[in-house]
>>> print(open('work-v9.tsv').read())   # TSV, C-alpha atoms
chain	number	residue	atom	x	y	z
A	1	MET	CA	6.00	26.88	-5.61
A	2	ILE	CA	3.81	24.49	-7.57
A	3	PRO	CA	0.54	23.52	-5.84
A	4	ALA	CA	0.32	19.87	-4.84
A	5	THR	CA	-2.14	17.57	-6.62
A	6	THR	CA	-5.53	17.11	-4.96
A	7	SER	CA	-6.40	13.76	-3.40
A	8	GLN	CA	-9.39	11.76	-4.62
A	9	THR	CA	-11.09	8.67	-3.25
A	10	VAL	CA	-9.84	5.17	-4.10
A	11	GLY	CA	-13.48	4.31	-4.76
A	12	PRO	CA	-14.94	0.81	-4.52
A	13	TYR	CA	-12.83	-0.87	-7.20
A	14	PHE	CA	-9.29	-0.21	-5.99
A	15	SER	CA	-8.43	-3.90	-5.78
A	16	ILE	CA	-8.15	-3.95	-9.58
A	17	GLY	CA	-5.09	-1.74	-9.47
A	18	THR	CA	-3.61	-2.30	-6.03
A	19	HIS	CA	-3.59	-6.08	-5.60
A	20	LEU	CA	-0.01	-6.60	-6.76
A	21	LEU	CA	1.37	-4.99	-3.62
A	22	LEU	CA	-0.87	-6.78	-1.15
A	23	ARG	CA	1.30	-8.26	1.58
A	24	SER	CA	0.02	-9.15	5.02
A	25	ASP	CA	3.28	-10.66	6.25
A	26	LEU	CA	5.91	-7.94	6.60
A	27	ALA	CA	8.62	-10.17	8.06
A	28	TRP	CA	10.44	-12.33	5.55
A	29	PRO	CA	12.04	-15.57	6.75
A	30	GLY	CA	14.89	-14.79	9.12
A	31	ALA	CA	13.68	-11.31	10.04
A	32	LEU	CA	15.03	-10.25	13.42
A	33	GLY	CA	12.75	-9.25	16.28
A	34	GLU	CA	9.71	-10.23	18.26
A	35	PRO	CA	6.95	-11.48	15.92
A	36	PHE	CA	3.37	-10.34	16.36
A	37	THR	CA	0.03	-10.96	14.74
A	38	LEU	CA	-2.41	-8.06	14.56
A	39	LYS	CA	-6.10	-8.58	13.92
A	40	GLY	CA	-8.79	-5.99	13.71
A	41	ARG	CA	-11.84	-4.64	12.00
A	42	VAL	CA	-12.83	-1.37	10.37
A	43	LEU	CA	-16.30	-0.21	11.46
A	44	ASP	CA	-18.38	2.71	10.20
A	45	ALA	CA	-20.68	5.18	12.01
A	46	ASN	CA	-23.27	2.46	12.57
A	47	ARG	CA	-20.62	-0.03	13.66
A	48	LYS	CA	-21.18	-1.88	10.42
A	49	PRO	CA	-18.11	-3.52	8.93
A	50	VAL	CA	-16.33	-1.67	6.16
A	51	PRO	CA	-15.68	-4.41	3.61
A	52	ASP	CA	-13.75	-2.23	1.19
A	53	ALA	CA	-10.95	-0.55	3.12
A	54	LEU	CA	-7.31	-0.67	2.08
A	55	ILE	CA	-4.84	-0.48	4.95
A	56	GLU	CA	-1.14	0.23	4.54
A	57	VAL	CA	1.54	-0.15	7.18
A	58	TRP	CA	5.02	1.35	7.34
A	59	GLN	CA	7.39	0.56	10.18
A	60	ALA	CA	11.00	0.41	11.31
A	61	ASN	CA	12.85	-2.85	11.82
A	62	ALA	CA	13.52	-4.42	15.22
A	63	ALA	CA	16.54	-2.16	15.70
A	64	GLY	CA	14.47	0.95	15.08
A	65	LYS	CA	15.84	1.64	11.62
A	66	TYR	CA	13.77	2.43	8.54
A	67	SER	CA	14.65	0.89	5.22
A	68	HIS	CA	14.98	4.30	3.59
A	69	PRO	CA	17.93	6.47	2.50
A	70	GLU	CA	16.94	9.32	4.81
A	71	ASP	CA	17.33	7.18	7.91
A	72	ASN	CA	21.00	7.84	8.64
A	73	GLN	CA	21.00	6.36	12.14
A	74	ASN	CA	23.92	4.12	12.95
A	75	LYS	CA	21.71	1.06	13.32
A	76	PRO	CA	21.69	-2.18	11.33
A	77	ILE	CA	19.37	-2.70	8.41
A	78	ASP	CA	17.74	-6.13	8.31
A	79	PRO	CA	17.88	-7.65	4.83
A	80	ALA	CA	14.85	-9.78	5.74
A	81	PHE	CA	12.74	-6.78	6.69
A	82	TRP	CA	11.46	-3.95	4.51
A	83	GLY	CA	8.63	-2.55	6.61
A	84	PHE	CA	5.78	-2.09	4.14
A	85	GLY	CA	2.49	-3.95	4.31
A	86	ARG	CA	-0.84	-3.61	2.51
A	87	VAL	CA	-4.04	-5.46	3.27
A	88	ALA	CA	-7.68	-5.09	2.27
A	89	THR	CA	-10.55	-5.71	4.66
A	90	ASP	CA	-12.81	-8.69	4.01
A	91	GLU	CA	-16.62	-8.83	3.96
A	92	ASN	CA	-16.60	-8.65	7.78
A	93	GLY	CA	-14.43	-5.56	7.76
A	94	ALA	CA	-11.61	-7.68	9.16
A	95	PHE	CA	-7.91	-7.52	8.42
A	96	GLN	CA	-4.80	-9.24	9.72
A	97	ILE	CA	-1.09	-8.61	9.47
A	98	THR	CA	1.96	-10.35	10.85
A	99	SER	CA	5.24	-8.60	11.42
A	100	ILE	CA	7.93	-7.99	14.00
A	101	LYS	CA	7.74	-5.34	16.68
A	102	PRO	CA	9.64	-2.26	15.53
A	103	GLY	CA	12.35	-0.72	17.69
A	104	ALA	CA	12.18	2.78	19.09
A	105	VAL	CA	12.99	5.59	16.63
A	106	PRO	CA	14.07	9.17	17.25
A	107	GLY	CA	11.47	11.91	17.63
A	108	PRO	CA	11.64	15.70	17.51
A	109	ASP	CA	14.01	17.65	19.76
A	110	GLY	CA	16.06	14.70	20.95
A	111	THR	CA	13.07	12.68	22.11
A	112	THR	CA	12.55	8.99	21.47
A	113	GLN	CA	9.38	7.59	19.96
A	114	ALA	CA	7.82	4.42	21.30
A	115	PRO	CA	7.55	1.47	18.90
A	116	HIS	CA	4.74	2.18	16.47
A	117	LEU	CA	3.31	1.41	13.06
A	118	GLU	CA	2.48	4.18	10.60
A	119	ILE	CA	-0.96	3.51	9.14
A	120	SER	CA	-2.79	4.78	6.04
A	121	ILE	CA	-6.42	3.83	5.46
A	122	PHE	CA	-8.17	4.31	2.13
A	123	MET	CA	-11.79	3.56	1.27
A	124	ARG	CA	-14.76	4.53	-0.81
A	125	GLY	CA	-16.35	7.52	0.92
A	126	LEU	CA	-13.04	9.05	1.90
A	127	LEU	CA	-11.69	11.64	-0.52
A	128	THR	CA	-8.31	11.54	1.15
A	129	ARG	CA	-6.63	8.85	3.22
A	130	LEU	CA	-6.85	8.56	6.97
A	131	THR	CA	-3.49	8.52	8.69
A	132	THR	CA	-2.86	7.24	12.15
A	133	ARG	CA	-0.37	5.22	14.19
A	134	LEU	CA	-0.65	2.04	16.17
A	135	TYR	CA	1.27	1.64	19.40
A	136	PHE	CA	1.95	-1.55	21.37
A	137	PRO	CA	0.40	-2.59	24.69
A	138	ASP	CA	2.46	-2.97	27.86
A	139	GLU	CA	5.06	-0.61	26.45
A	140	PRO	CA	6.52	1.75	29.07
A	141	ALA	CA	7.87	4.05	26.34
A	142	ASN	CA	4.30	4.95	25.35
A	143	ALA	CA	4.15	7.26	28.36
A	144	TYR	CA	6.94	9.41	26.91
A	145	ASP	CA	6.08	9.22	23.23
A	146	PRO	CA	6.06	12.77	21.83
A	147	ILE	CA	3.28	12.06	19.32
A	148	LEU	CA	1.04	9.99	21.59
A	149	ASN	CA	1.31	12.81	24.11
A	150	LEU	CA	-0.27	15.19	21.59
A	151	VAL	CA	-3.45	13.10	21.86
A	152	PRO	CA	-5.87	13.92	24.70
A	153	ALA	CA	-5.29	11.26	27.37
A	154	PRO	CA	-8.76	9.65	27.19
A	155	ARG	CA	-8.36	9.03	23.44
A	156	ARG	CA	-4.87	7.52	23.48
A	157	GLN	CA	-6.17	4.00	24.02
A	158	THR	CA	-7.83	4.15	20.57
A	159	ILE	CA	-4.41	3.81	18.94
A	160	ILE	CA	-2.82	1.32	21.34
A	161	ALA	CA	-3.37	-2.33	20.38
A	162	LYS	CA	-4.88	-4.69	22.95
A	163	ARG	CA	-3.35	-8.06	23.73
A	164	ARG	CA	-5.75	-10.98	23.56
A	165	GLU	CA	-5.58	-14.75	24.03
A	166	GLY	CA	-2.45	-16.30	22.64
A	167	GLY	CA	-0.73	-12.93	22.55
A	168	VAL	CA	-2.53	-11.81	19.39
A	169	LEU	CA	-2.78	-8.04	19.13
A	170	HIS	CA	-6.14	-6.54	18.39
A	171	TRP	CA	-7.07	-3.11	17.04
A	172	ASP	CA	-10.42	-1.95	15.72
A	173	VAL	CA	-10.61	1.18	13.59
A	174	LEU	CA	-13.76	3.04	14.60
A	175	LEU	CA	-14.55	5.74	12.08
A	176	GLN	CA	-17.10	7.51	14.29
A	177	GLY	CA	-18.63	7.28	17.75
A	178	ASP	CA	-17.67	8.03	21.34
A	179	ASP	CA	-14.53	5.95	21.02
A	180	GLU	CA	-13.67	7.12	17.51
A	181	THR	CA	-10.11	6.22	16.56
A	182	VAL	CA	-7.60	9.05	16.64
A	183	PHE	CA	-6.51	10.18	13.18
A	184	PHE	CA	-3.65	12.54	12.48
A	185	ASP	CA	-3.09	15.50	10.19
A	186	VAL	CA	0.30	14.52	8.82
B	1	MET	CA	16.26	16.14	7.73
B	2	LEU	CA	13.44	18.32	6.51
B	3	ALA	CA	9.73	18.00	7.10
B	4	TYR	CA	7.28	18.14	4.20
B	5	ARG	CA	5.22	21.23	3.50
B	6	ARG	CA	1.67	21.37	4.75
B	7	TYR	CA	-0.92	21.37	1.99
B	8	GLN	CA	-2.19	24.80	1.02
B	9	PRO	CA	-5.67	25.50	2.41
B	10	GLY	CA	-8.44	24.68	-0.04
B	11	THR	CA	-6.37	22.40	-2.24
B	12	GLN	CA	-7.23	19.13	-0.51
B	13	PRO	CA	-10.64	17.65	0.32
B	14	PHE	CA	-11.94	17.19	3.83
B	15	HIS	CA	-13.01	13.74	4.94
B	16	ASN	CA	-16.49	15.09	5.64
B	17	HIS	CA	-17.93	16.12	2.26
B	18	PRO	CA	-21.74	15.89	2.50
B	19	PRO	CA	-22.41	15.97	-1.28
B	20	TYR	CA	-20.44	12.72	-1.45
B	21	VAL	CA	-23.04	10.72	0.46
B	22	SER	CA	-20.91	7.74	1.44
B	23	SER	CA	-18.54	10.06	3.29
B	24	GLN	CA	-21.20	10.55	5.95
B	25	GLU	CA	-20.90	7.15	7.59
B	26	ARG	CA	-17.18	6.89	7.11
B	27	CYS	CA	-15.62	10.27	7.85
B	28	PRO	CA	-14.20	10.88	11.30
B	29	LYS	CA	-16.12	13.48	13.30
B	30	GLN	CA	-13.36	14.36	15.74
B	31	PRO	CA	-10.81	16.91	14.54
B	32	LEU	CA	-7.58	15.48	13.17
B	33	ILE	CA	-4.62	15.91	15.48
B	34	LYS	CA	-1.81	17.72	13.73
B	35	ILE	CA	1.56	16.10	14.29
B	36	PRO	CA	5.08	17.16	13.36
B	37	HIS	CA	6.92	15.14	10.74
B	38	THR	CA	9.37	12.76	12.37
B	39	LEU	CA	11.63	10.14	10.86
B	40	SER	CA	8.53	7.93	10.64
B	41	GLU	CA	6.74	10.36	8.30
B	42	ILE	CA	9.68	11.41	6.13
B	43	THR	CA	10.56	7.82	5.33
B	44	GLY	CA	8.31	5.39	3.50
B	45	PRO	CA	8.28	2.56	1.01
B	46	GLU	CA	10.22	3.51	-2.09
B	47	ASN	CA	11.99	1.83	-4.98
B	48	ILE	CA	9.06	-0.55	-5.06
B	49	GLU	CA	9.41	-3.39	-7.55
B	50	VAL	CA	6.35	-5.00	-9.05
B	51	GLY	CA	6.94	-8.20	-10.94
B	52	THR	CA	4.23	-9.18	-13.40
B	53	MET	CA	3.85	-11.40	-16.41
B	54	TYR	CA	2.20	-8.56	-18.28
B	55	ASP	CA	3.31	-5.13	-19.40
B	56	GLY	CA	2.01	-2.72	-16.77
B	57	ALA	CA	2.54	0.22	-19.15
B	58	ASP	CA	0.24	-1.06	-21.89
B	59	LEU	CA	-3.24	-1.80	-20.59
B	60	THR	CA	-4.40	-2.72	-24.09
B	61	LYS	CA	-2.19	-5.82	-24.15
B	62	HIS	CA	-3.66	-7.74	-21.23
B	63	GLY	CA	-6.05	-9.93	-23.20
B	64	VAL	CA	-5.80	-12.27	-26.11
B	65	GLY	CA	-7.15	-9.61	-28.45
B	66	GLU	CA	-7.52	-5.87	-28.74
B	67	PRO	CA	-9.85	-4.21	-26.25
B	68	LEU	CA	-12.77	-2.17	-27.54
B	69	GLY	CA	-12.72	1.59	-27.29
B	70	GLU	CA	-10.58	4.58	-28.04
B	71	ARG	CA	-6.88	3.87	-27.56
B	72	ILE	CA	-5.06	6.67	-25.74
B	73	VAL	CA	-1.58	7.47	-24.44
B	74	VAL	CA	-1.43	8.98	-20.96
B	75	SER	CA	1.84	10.57	-19.92
B	76	GLY	CA	3.16	13.22	-17.63
B	77	ARG	CA	5.74	14.12	-15.08
B	78	VAL	CA	5.76	13.61	-11.33
B	79	THR	CA	7.56	16.37	-9.43
B	80	ASP	CA	7.60	17.88	-6.00
B	81	GLN	CA	6.37	21.41	-5.39
B	82	ASP	CA	9.76	22.83	-6.28
B	83	GLY	CA	9.74	21.08	-9.63
B	84	HIS	CA	12.25	18.41	-8.69
B	85	PRO	CA	11.50	15.12	-10.42
B	86	ILE	CA	10.17	12.27	-8.31
B	87	ARG	CA	12.36	9.52	-9.68
B	88	HIS	CA	11.61	5.81	-9.81
B	89	THR	CA	8.33	6.03	-7.96
B	90	LEU	CA	5.58	3.51	-8.54
B	91	ILE	CA	2.30	4.63	-10.10
B	92	GLU	CA	-0.58	2.17	-9.92
B	93	VAL	CA	-3.58	2.85	-12.17
B	94	TRP	CA	-7.02	1.32	-12.59
B	95	GLN	CA	-10.10	2.27	-14.55
B	96	ALA	CA	-13.39	1.27	-16.15
B	97	ASN	CA	-13.46	-0.06	-19.69
B	98	ALA	CA	-14.77	1.88	-22.68
B	99	ALA	CA	-18.35	0.95	-21.75
B	100	GLY	CA	-17.98	2.30	-18.22
B	101	ARG	CA	-17.73	-1.09	-16.52
B	102	TYR	CA	-15.07	-2.16	-14.03
B	103	TRP	CA	-13.59	-5.64	-13.97
B	104	HIS	CA	-14.83	-6.13	-10.42
B	105	LYS	CA	-17.42	-8.42	-8.90
B	106	ILE	CA	-19.30	-5.65	-7.13
B	107	ASP	CA	-19.72	-3.49	-10.25
B	108	GLN	CA	-23.24	-4.32	-11.40
B	109	HIS	CA	-23.56	-1.58	-14.03
B	110	ASP	CA	-25.48	-2.95	-16.98
B	111	ALA	CA	-22.66	-2.51	-19.46
B	112	PRO	CA	-20.45	-5.20	-20.93
B	113	ILE	CA	-17.22	-6.51	-19.48
B	114	ASP	CA	-14.48	-6.43	-22.10
B	115	PRO	CA	-12.59	-9.73	-21.85
B	116	ASN	CA	-9.54	-8.01	-23.29
B	117	PHE	CA	-9.47	-5.16	-20.81
B	118	PRO	CA	-8.95	-5.83	-17.07
B	119	GLY	CA	-8.21	-2.12	-16.63
B	120	ARG	CA	-5.15	-2.14	-14.44
B	121	GLY	CA	-1.55	-1.12	-14.94
B	122	HIS	CA	1.57	0.12	-13.24
B	123	VAL	CA	4.54	2.21	-14.27
B	124	ILE	CA	7.64	3.58	-12.59
B	125	THR	CA	8.79	7.14	-13.25
B	126	ASP	CA	12.13	7.59	-15.00
B	127	ASP	CA	15.13	9.68	-13.95
B	128	GLU	CA	13.27	12.88	-14.88
B	129	GLY	CA	10.00	11.88	-13.23
B	130	HIS	CA	8.29	11.07	-16.51
B	131	TYR	CA	5.79	8.26	-16.91
B	132	ARG	CA	3.74	6.96	-19.83
B	133	PHE	CA	1.19	4.26	-20.39
B	134	VAL	CA	-1.17	3.19	-23.16
B	135	THR	CA	-4.79	2.45	-22.36
B	136	ILE	CA	-8.40	2.79	-23.50
B	137	LYS	CA	-10.40	5.92	-22.76
B	138	PRO	CA	-12.68	4.90	-19.89
B	139	GLY	CA	-16.43	5.32	-20.18
B	140	ALA	CA	-18.65	7.34	-17.87
B	141	TYR	CA	-20.90	5.28	-15.60
B	142	PRO	CA	-23.86	5.76	-13.27
B	143	TRP	CA	-23.59	5.50	-9.50
B	144	ARG	CA	-26.05	5.80	-6.67
B	145	ASN	CA	-24.89	8.94	-4.93
B	146	HIS	CA	-27.96	10.94	-5.97
B	147	PRO	CA	-30.68	10.63	-8.64
B	148	ASN	CA	-29.22	10.35	-12.14
B	149	ALA	CA	-25.66	10.52	-10.83
B	150	TRP	CA	-22.89	9.76	-13.33
B	151	ARG	CA	-19.16	9.68	-12.75
B	152	PRO	CA	-17.18	11.61	-15.35
B	153	GLN	CA	-14.60	9.59	-17.28
B	154	HIS	CA	-11.57	9.09	-15.07
B	155	ILE	CA	-8.49	7.00	-14.35
B	156	HIS	CA	-7.44	6.22	-10.76
B	157	PHE	CA	-3.81	6.94	-9.85
B	158	SER	CA	-1.99	5.79	-6.71
B	159	LEU	CA	1.50	7.11	-5.90
B	160	PHE	CA	3.91	6.67	-3.03
B	161	GLY	CA	6.57	9.31	-3.58
B	162	PRO	CA	9.59	9.30	-1.30
B	163	ALA	CA	7.87	9.26	2.10
B	164	PHE	CA	4.85	8.25	4.15
B	165	ALA	CA	3.93	11.95	4.05
B	166	THR	CA	3.81	12.08	0.25
B	167	ARG	CA	1.45	9.15	-0.33
B	168	ILE	CA	-1.48	10.11	-2.53
B	169	VAL	CA	-4.35	8.52	-4.43
B	170	THR	CA	-6.07	10.68	-7.00
B	171	GLN	CA	-8.10	10.58	-10.21
B	172	MET	CA	-7.32	11.97	-13.65
B	173	TYR	CA	-10.17	13.45	-15.67
B	174	PHE	CA	-10.56	14.40	-19.34
B	175	PRO	CA	-10.90	17.88	-20.83
B	176	GLY	CA	-14.37	18.99	-21.84
B	177	ASP	CA	-16.24	16.31	-19.90
B	178	PRO	CA	-19.79	17.66	-19.43
B	179	LEU	CA	-20.23	15.65	-16.21
B	180	LEU	CA	-17.47	17.41	-14.28
B	181	PRO	CA	-19.60	20.28	-12.89
B	182	PHE	CA	-22.00	17.74	-11.37
B	183	ASP	CA	-19.56	15.30	-9.80
B	184	PRO	CA	-19.23	15.60	-6.00
B	185	ILE	CA	-15.92	13.75	-6.01
B	186	TYR	CA	-14.30	16.06	-8.55
B	187	ASN	CA	-15.87	19.09	-6.85
B	188	CYS	CA	-14.37	18.30	-3.46
B	189	THR	CA	-12.07	21.27	-2.95
B	190	ALA	CA	-12.77	24.88	-2.09
B	191	ASP	CA	-10.08	25.91	-4.57
B	192	GLU	CA	-11.39	25.67	-8.13
B	193	GLU	CA	-7.89	25.79	-9.61
B	194	ALA	CA	-6.94	22.74	-7.55
B	195	ARG	CA	-9.79	20.81	-9.15
B	196	LYS	CA	-8.87	21.90	-12.65
B	197	ARG	CA	-5.40	20.46	-12.19
B	198	LEU	CA	-7.03	17.02	-12.02
B	199	ILE	CA	-8.09	17.42	-15.65
B	200	SER	CA	-5.59	16.11	-18.17
B	201	SER	CA	-4.84	18.09	-21.31
B	202	PHE	CA	-5.03	16.85	-24.86
B	203	ASP	CA	-1.49	16.60	-26.16
B	204	TRP	CA	-0.44	16.54	-29.83
B	205	GLN	CA	3.15	15.78	-28.84
B	206	THR	CA	2.34	12.38	-27.44
B	207	THR	CA	-0.42	11.60	-29.92
B	208	ILE	CA	0.71	8.70	-32.12
B	209	PRO	CA	-0.39	9.20	-35.73
B	210	ASP	CA	-2.93	6.60	-36.84
B	211	ILE	CA	-2.77	4.91	-33.41
B	212	ALA	CA	-3.77	6.87	-30.32
B	213	LEU	CA	-4.56	10.32	-28.94
B	214	GLY	CA	-2.28	11.66	-26.23
B	215	TYR	CA	-3.33	13.10	-22.87
B	216	ARG	CA	-0.96	14.73	-20.44
B	217	PHE	CA	-1.37	14.63	-16.67
B	218	ASP	CA	1.33	16.03	-14.42
B	219	ILE	CA	1.30	15.13	-10.74
B	220	VAL	CA	2.81	17.25	-7.97
B	221	LEU	CA	3.68	15.71	-4.62
B	222	ARG	CA	4.30	17.71	-1.47
B	223	GLY	CA	7.66	19.42	-1.33
B	224	ARG	CA	10.11	19.82	1.53
B	225	ALA	CA	9.65	22.58	4.05
B	226	ALA	CA	12.30	25.23	4.43
B	227	THR	CA	13.22	24.38	7.99
B	228	PRO	CA	13.77	21.10	9.79
B	229	PHE	CA	10.57	19.57	11.14
B	230	GLU	CA	8.59	22.72	10.47
B	231	GLU	CA	5.27	22.71	12.29
>>> encode(input="work-v9.tsv", output="structure tokens")
Amino acid sequence: MIPATTSQTVGPYFSIGTHLLLRSDLAWPGALGEPFTLKGRVLDANRKPVPDALIEVWQANAAGKYSHPEDNQNKPIDPAFWGFGRVATDENGAFQITSIKPGAVPGPDGTTQAPHLEISIFMRGLLTRLTTRLYFPDEPANAYDPILNLVPAPRRQTIIAKRREGGVLHWDVLLQGDDETVFFDV
Amino acid sequence: MLAYRRYQPGTQPFHNHPPYVSSQERCPKQPLIKIPHTLSEITGPENIEVGTMYDGADLTKHGVGEPLGERIVVSGRVTDQDGHPIRHTLIEVWQANAAGRYWHKIDQHDAPIDPNFPGRGHVITDDEGHYRFVTIKPGAYPWRNHPNAWRPQHIHFSLFGPAFATRIVTQMYFPGDPLLPFDPIYNCTADEEARKRLISSFDWQTTIPDIALGYRFDIVLRGRAATPFEE
């Protein structure tokens, strides 16, 4: 078995090479499903904004199907929905994406996973990416989600978006502190 | 459906790496929570198309004239840990110019911008996992991690592979660089052999006579585990 290549930081200048794939709107015109807008900030140990984070999103379509050959579920693909997004934080550490709420997808051992976004976060200072998930508020399926249930109960709220005025979803990524965001070893 | 293998201990950096000073305010302090690979982790963006007006595989052709510096050819193969080619996967690259300056507003290094070298490119691996691009050998440059800190010459690589689980960003270094032993980013793994694999090798085969030296850099993405959804 060949050893896998070691990760290195994206450094401060990643926008030079990664801007072509920036896309904050994951849903193309005609995409099926319930639209949402997600806003948030990335904050460091001192709760200072991180102005140079790169955030990537991967998600299923509204039917709970991934646009990928290994998803062999008998569910419809949506030609207006791919499921990949990439945004960079601004000088205030803020980011925003718009998309449609993904459907439920299968989990291990016959379980069902609640609607969620897969998230990668890259930044100067991090030698390897952070991986996490974002779940949706007011979602009964969260209670039975096999991955969310691996998280100690008091920390689960760090990866569930909050609904604010106008229905906008909000999620801050807190890199350290008492309410540090949950990150996964994937 | 098969999960991906876990990385071998020592071959990947931790988020908390004190010699890399900026990790201290950005690394999580809570332990990561290990999760099994589900459909969400074994799928991911693939067959990514990037449309540009310029040739992503020749970074020396992005200006009106020739960039300054030493022209080089960088090539290699992207495979999984079993040696299977990673076909048609996007590689994004970016780098400093020959003087060690990035085309970026926050790079204030007192070295000249080269108007003919933005320093970015992209290639897609072929049916056998091979990639190749032409560029300029990047310069070393100072940074503020510690007194008299200098980054060794390097090129940034970003790859997706077939799944969310295989996503990786890394850096390629050059053989014989005297700065490597002193660089906290390069020296981020317990396993010395893992580090050395980040160093490209000089390659006569891809060297173009009278034109450019060749460097080879192979990239290995995580392979599949032997059993479904192995923990």
>>> interface_residues(input="work-v9.tsv", of="chain A", to="chain B", cutoff="7 Å", atoms="all atoms listed in the file", output="number ranges by chain")
A: 1-10, 13, 16-18, 20, 44-45, 58, 68, 70, 84, 106-108, 125-128, 147, 175-176, 183-186
>>> atom_distance(input="work-v9.tsv", atom1="atom CA of Val42 of chain A", atom2="atom CA of His109 of chain B")
26.7 Å
>>> residues_around(input="work-v9.tsv", residues="Gln205 of chain B", least_positions_apart="5", cutoff="10 Å", atoms="all atoms listed in the file", output="VMD selection string")
chain B and resid 213 to 216
>>> residues_around(input="work-v9.tsv", residues="segment 64-67 of chain B", least_positions_apart="2", cutoff="12 Å", atoms="only C-alpha atoms", output="list of chain:residue names")
B:Tyr54, B:Asp58, B:Leu59, B:Thr60, B:Lys61, B:His62, B:Gly69, B:Glu70, B:Arg71, B:Ile72, B:Asn97, B:Ala98, B:Ala99, B:Pro112, B:Ile113, B:Asp114, B:Pro115, B:Asn116, B:Phe117, B:Pro118, B:Gly119, B:Val134, B:Thr135, B:Ile136, B:Lys137, B:Pro138
>>> residues_around(input="work-v9.tsv", residues="segment 130-134 of chain A", least_positions_apart="3", cutoff="6 Å", atoms="all atoms listed in the file", output="list in words")
His116, Leu117, Glu118, Ile119, Ser120, Ile121, Ile159, Ile160, Phe183 and Phe184 of chain A
>>> residues_near_point(input="work-v9.tsv", point="(-3.3, -9.8, 7.0)", cutoff="6 Å", atoms="only C-alpha atoms", output="VMD selection string")
chain A and resid 24 87 95 to 97
>>> residues_around(input="work-v9.tsv", residues="Tyr144 of chain A", least_positions_apart="3", cutoff="8 Å", atoms="only C-alpha atoms", output="VMD selection string")
chain A and resid 112 to 114 140 to 141 148 to 149
>>> closest_residue(input="work-v9.tsv", among="A:Met123, A:Ser15, A:Leu38, A:Gly64", to="Gly166 of chain A", atoms="all atoms listed in the file")
A:Leu38
>>> residues_near_point(input="work-v9.tsv", point="(-11.5, -6.0, 9.5)", cutoff="10 Å", atoms="all atoms listed in the file", output="list of chain:residue names")
A:Lys39, A:Gly40, A:Arg41, A:Val42, A:Leu43, A:Pro49, A:Val50, A:Pro51, A:Asp52, A:Ala53, A:Ile55, A:Val87, A:Ala88, A:Thr89, A:Asp90, A:Glu91, A:Asn92, A:Gly93, A:Ala94, A:Phe95, A:Gln96, A:Trp171, A:Asp172, A:Val173
>>> closest_residue(input="work-v9.tsv", among="B:Gly100, B:Ile124, B:Ile211, B:Ala226", to="Val73 of chain B", atoms="only C-alpha atoms")
B:Ile211
>>> atom_distance(input="work-v9.tsv", atom1="atom CA of Arg23 of chain A", atom2="atom CA of Pro146 of chain A")
29.6 Å
>>> residues_around(input="work-v9.tsv", residues="segment 28-32 of chain A", least_positions_apart="5", cutoff="8 Å", atoms="only C-alpha atoms", output="ChimeraX atom specification")
/A:61-62,78-81,100
>>> atom_distance(input="work-v9.tsv", atom1="atom CA of Phe122 of chain A", atom2="atom CA of Gly11 of chain A")
8.7 Å
